[in-house]
Amino acid sequence: INIPLPSVMCTVELVHDMQRLCVKCLFESSEVSIRELHSRENWEISQERGHTALPLLFQNMVLSLLSTVKEVMEPIRYRESLTQDSDINNCIQEMFYSVVISFADCLKDLTDIIESESNEKDSVSISPDKADQANVNTTKEERLVLILGNNML
């Protein structure tokens, strides 16, 4: 098929714009998911592990995000890779910073939940839907120590 070059270039620009939009949407979606991580905490405490599951969940989400972004940013024919675009690189740095801040917000939300639960009762039980994951009761102080441990990692 013989397609005129202006049409090809227009299509290439459209694909480039779609790549940029996709990267932005990936970061925004990840940021929302990371902010909600606190709801997936299971409070399982063991001798070997003195922190919550959140750092590992966060790490897995970030690795998945970066892998997908790398695939999306692959160069296309007639166009250099998005990684060569300084505006995109700056934007990605800002979006990644927002993702990290989202994790800090997640930990803060978790701390707020603990404080509000401790106002209701002294020792908090794990919810019934998480009972199969762990059979322990943790106090407010134990949970706060775990959250601080997360921040030290």
# chains A, B, ... in the order shown; residues from 1 in each chain; ligands from 1

$ residues_around --residues "Val32 in chain A" --least-positions-apart "3" --cutoff "10 Å" --atoms "only C-alpha atoms" --output "count of residues only"
10

$ closest_residue --among "A:Val62, A:Ile88, A:Val12, A:Val72" --to "Ser33 in chain A" --atoms "only C-alpha atoms"
A:Val62

$ atom_distance --atom1 "CA of Thr68 in chain A" --atom2 "CA of Leu54 in chain A"
21.0 Å

$ atom_distance --atom1 "CA of Asn60 in chain A" --atom2 "CA of Cys25 in chain A"
18.2 Å

$ closest_residue --among "A:Ile92, A:Leu26, A:Leu110, A:Val8" --to "Ser64 in chain A" --atoms "only C-alpha atoms"
A:Leu26

$ atom_distance --atom1 "CA of Glu71 in chain A" --atom2 "CA of Phe96 in chain A"
16.4 Å

$ decode --residues "range 88-104 of chain A" --atoms "all heavy atoms" --output "compact mmCIF listing (two decimals), in the first residue's frame"
# COMPACT_ATOMS: atom_id res chain seq x y z
N ILE A 88 8.45 15.02 28.44
CA ILE A 88 7.90 13.75 28.94
C ILE A 88 8.71 13.27 30.14
O ILE A 88 8.15 12.82 31.14
CB ILE A 88 7.89 12.68 27.84
CG1 ILE A 88 6.78 12.95 26.83
CG2 ILE A 88 7.71 11.29 28.41
CD1 ILE A 88 5.40 12.70 27.35
N ASN A 89 10.03 13.35 30.05
CA ASN A 89 10.87 12.90 31.17
C ASN A 89 10.58 13.70 32.44
O ASN A 89 10.48 13.14 33.52
CB ASN A 89 12.35 12.99 30.80
CG ASN A 89 12.76 11.90 29.85
OD1 ASN A 89 12.19 10.82 29.84
ND2 ASN A 89 13.75 12.18 29.03
N ASN A 90 10.43 15.01 32.31
CA ASN A 90 10.09 15.84 33.47
C ASN A 90 8.71 15.48 34.02
O ASN A 90 8.52 15.40 35.23
CB ASN A 90 10.15 17.32 33.11
CG ASN A 90 11.55 17.79 32.84
OD1 ASN A 90 12.52 17.22 33.34
ND2 ASN A 90 11.68 18.85 32.06
N CYS A 91 7.79 15.27 33.12
CA CYS A 91 6.43 14.91 33.52
C CYS A 91 6.43 13.56 34.24
O CYS A 91 5.75 13.39 35.26
CB CYS A 91 5.54 14.87 32.28
SG CYS A 91 3.80 14.67 32.64
N ILE A 92 7.19 12.60 33.74
CA ILE A 92 7.27 11.28 34.36
C ILE A 92 7.88 11.38 35.75
O ILE A 92 7.41 10.74 36.70
CB ILE A 92 8.04 10.29 33.47
CG1 ILE A 92 7.16 9.90 32.28
CG2 ILE A 92 8.47 9.05 34.24
CD1 ILE A 92 7.84 9.03 31.26
N GLN A 93 8.89 12.21 35.91
CA GLN A 93 9.49 12.41 37.23
C GLN A 93 8.46 12.96 38.21
O GLN A 93 8.37 12.50 39.35
CB GLN A 93 10.69 13.34 37.14
CG GLN A 93 11.90 12.73 36.49
CD GLN A 93 13.03 13.73 36.32
OE1 GLN A 93 12.95 14.88 36.73
NE2 GLN A 93 14.10 13.27 35.70
N GLU A 94 7.68 13.93 37.77
CA GLU A 94 6.65 14.51 38.63
C GLU A 94 5.56 13.49 38.96
O GLU A 94 5.11 13.40 40.11
CB GLU A 94 6.03 15.74 37.96
CG GLU A 94 6.96 16.92 37.85
CD GLU A 94 6.39 18.04 37.02
OE1 GLU A 94 5.16 18.05 36.74
OE2 GLU A 94 7.16 18.93 36.63
N MET A 95 5.17 12.70 37.96
CA MET A 95 4.13 11.69 38.20
C MET A 95 4.64 10.59 39.13
O MET A 95 3.91 10.10 39.99
CB MET A 95 3.63 11.11 36.88
CG MET A 95 2.81 12.08 36.07
SD MET A 95 2.09 11.39 34.56
CE MET A 95 3.53 11.18 33.53
N PHE A 96 5.91 10.20 38.98
CA PHE A 96 6.46 9.18 39.86
C PHE A 96 6.56 9.71 41.29
O PHE A 96 6.28 8.99 42.25
CB PHE A 96 7.84 8.70 39.38
CG PHE A 96 8.29 7.47 40.09
CD1 PHE A 96 7.76 6.23 39.75
CD2 PHE A 96 9.23 7.54 41.09
CE1 PHE A 96 8.15 5.09 40.43
CE2 PHE A 96 9.63 6.41 41.76
CZ PHE A 96 9.09 5.18 41.43
N TYR A 97 6.91 10.97 41.43
CA TYR A 97 6.93 11.60 42.75
C TYR A 97 5.54 11.54 43.38
O TYR A 97 5.40 11.23 44.56
CB TYR A 97 7.41 13.06 42.62
CG TYR A 97 7.39 13.82 43.92
CD1 TYR A 97 8.39 13.65 44.87
CD2 TYR A 97 6.37 14.72 44.18
CE1 TYR A 97 8.36 14.34 46.06
CE2 TYR A 97 6.34 15.43 45.37
CZ TYR A 97 7.33 15.23 46.31
OH TYR A 97 7.29 15.92 47.49
N SER A 98 4.51 11.79 42.58
CA SER A 98 3.13 11.72 43.08
C SER A 98 2.78 10.30 43.53
O SER A 98 2.05 10.12 44.51
CB SER A 98 2.15 12.17 42.00
OG SER A 98 2.31 13.53 41.73
N VAL A 99 3.30 9.30 42.82
CA VAL A 99 3.05 7.91 43.20
C VAL A 99 3.67 7.63 44.57
O VAL A 99 3.05 7.00 45.43
CB VAL A 99 3.59 6.94 42.12
CG1 VAL A 99 3.67 5.52 42.62
CG2 VAL A 99 2.72 7.01 40.87
N VAL A 100 4.88 8.10 44.78
CA VAL A 100 5.55 7.88 46.07
C VAL A 100 4.81 8.62 47.18
O VAL A 100 4.60 8.08 48.27
CB VAL A 100 7.04 8.31 45.99
CG1 VAL A 100 7.70 8.26 47.36
CG2 VAL A 100 7.78 7.43 45.00
N ILE A 101 4.39 9.83 46.91
CA ILE A 101 3.62 10.60 47.89
C ILE A 101 2.30 9.89 48.20
O ILE A 101 1.82 9.90 49.33
CB ILE A 101 3.37 12.04 47.39
CG1 ILE A 101 4.69 12.81 47.30
CG2 ILE A 101 2.36 12.78 48.27
CD1 ILE A 101 5.45 12.93 48.61
N SER A 102 1.71 9.23 47.20
CA SER A 102 0.48 8.48 47.42
C SER A 102 0.68 7.38 48.44
O SER A 102 -0.19 7.10 49.26
CB SER A 102 -0.01 7.85 46.11
OG SER A 102 -0.35 8.84 45.20
N PHE A 103 1.85 6.73 48.41
CA PHE A 103 2.14 5.69 49.38
C PHE A 103 2.25 6.29 50.78
O PHE A 103 1.73 5.73 51.75
CB PHE A 103 3.41 4.92 49.02
CG PHE A 103 3.70 3.77 49.93
CD1 PHE A 103 2.80 2.71 50.04
CD2 PHE A 103 4.85 3.74 50.69
CE1 PHE A 103 3.06 1.64 50.88
CE2 PHE A 103 5.12 2.67 51.53
CZ PHE A 103 4.22 1.62 51.63
N ALA A 104 2.88 7.44 50.89
CA ALA A 104 2.97 8.12 52.19
C ALA A 104 1.57 8.49 52.68
O ALA A 104 1.25 8.32 53.87
CB ALA A 104 3.84 9.36 52.07
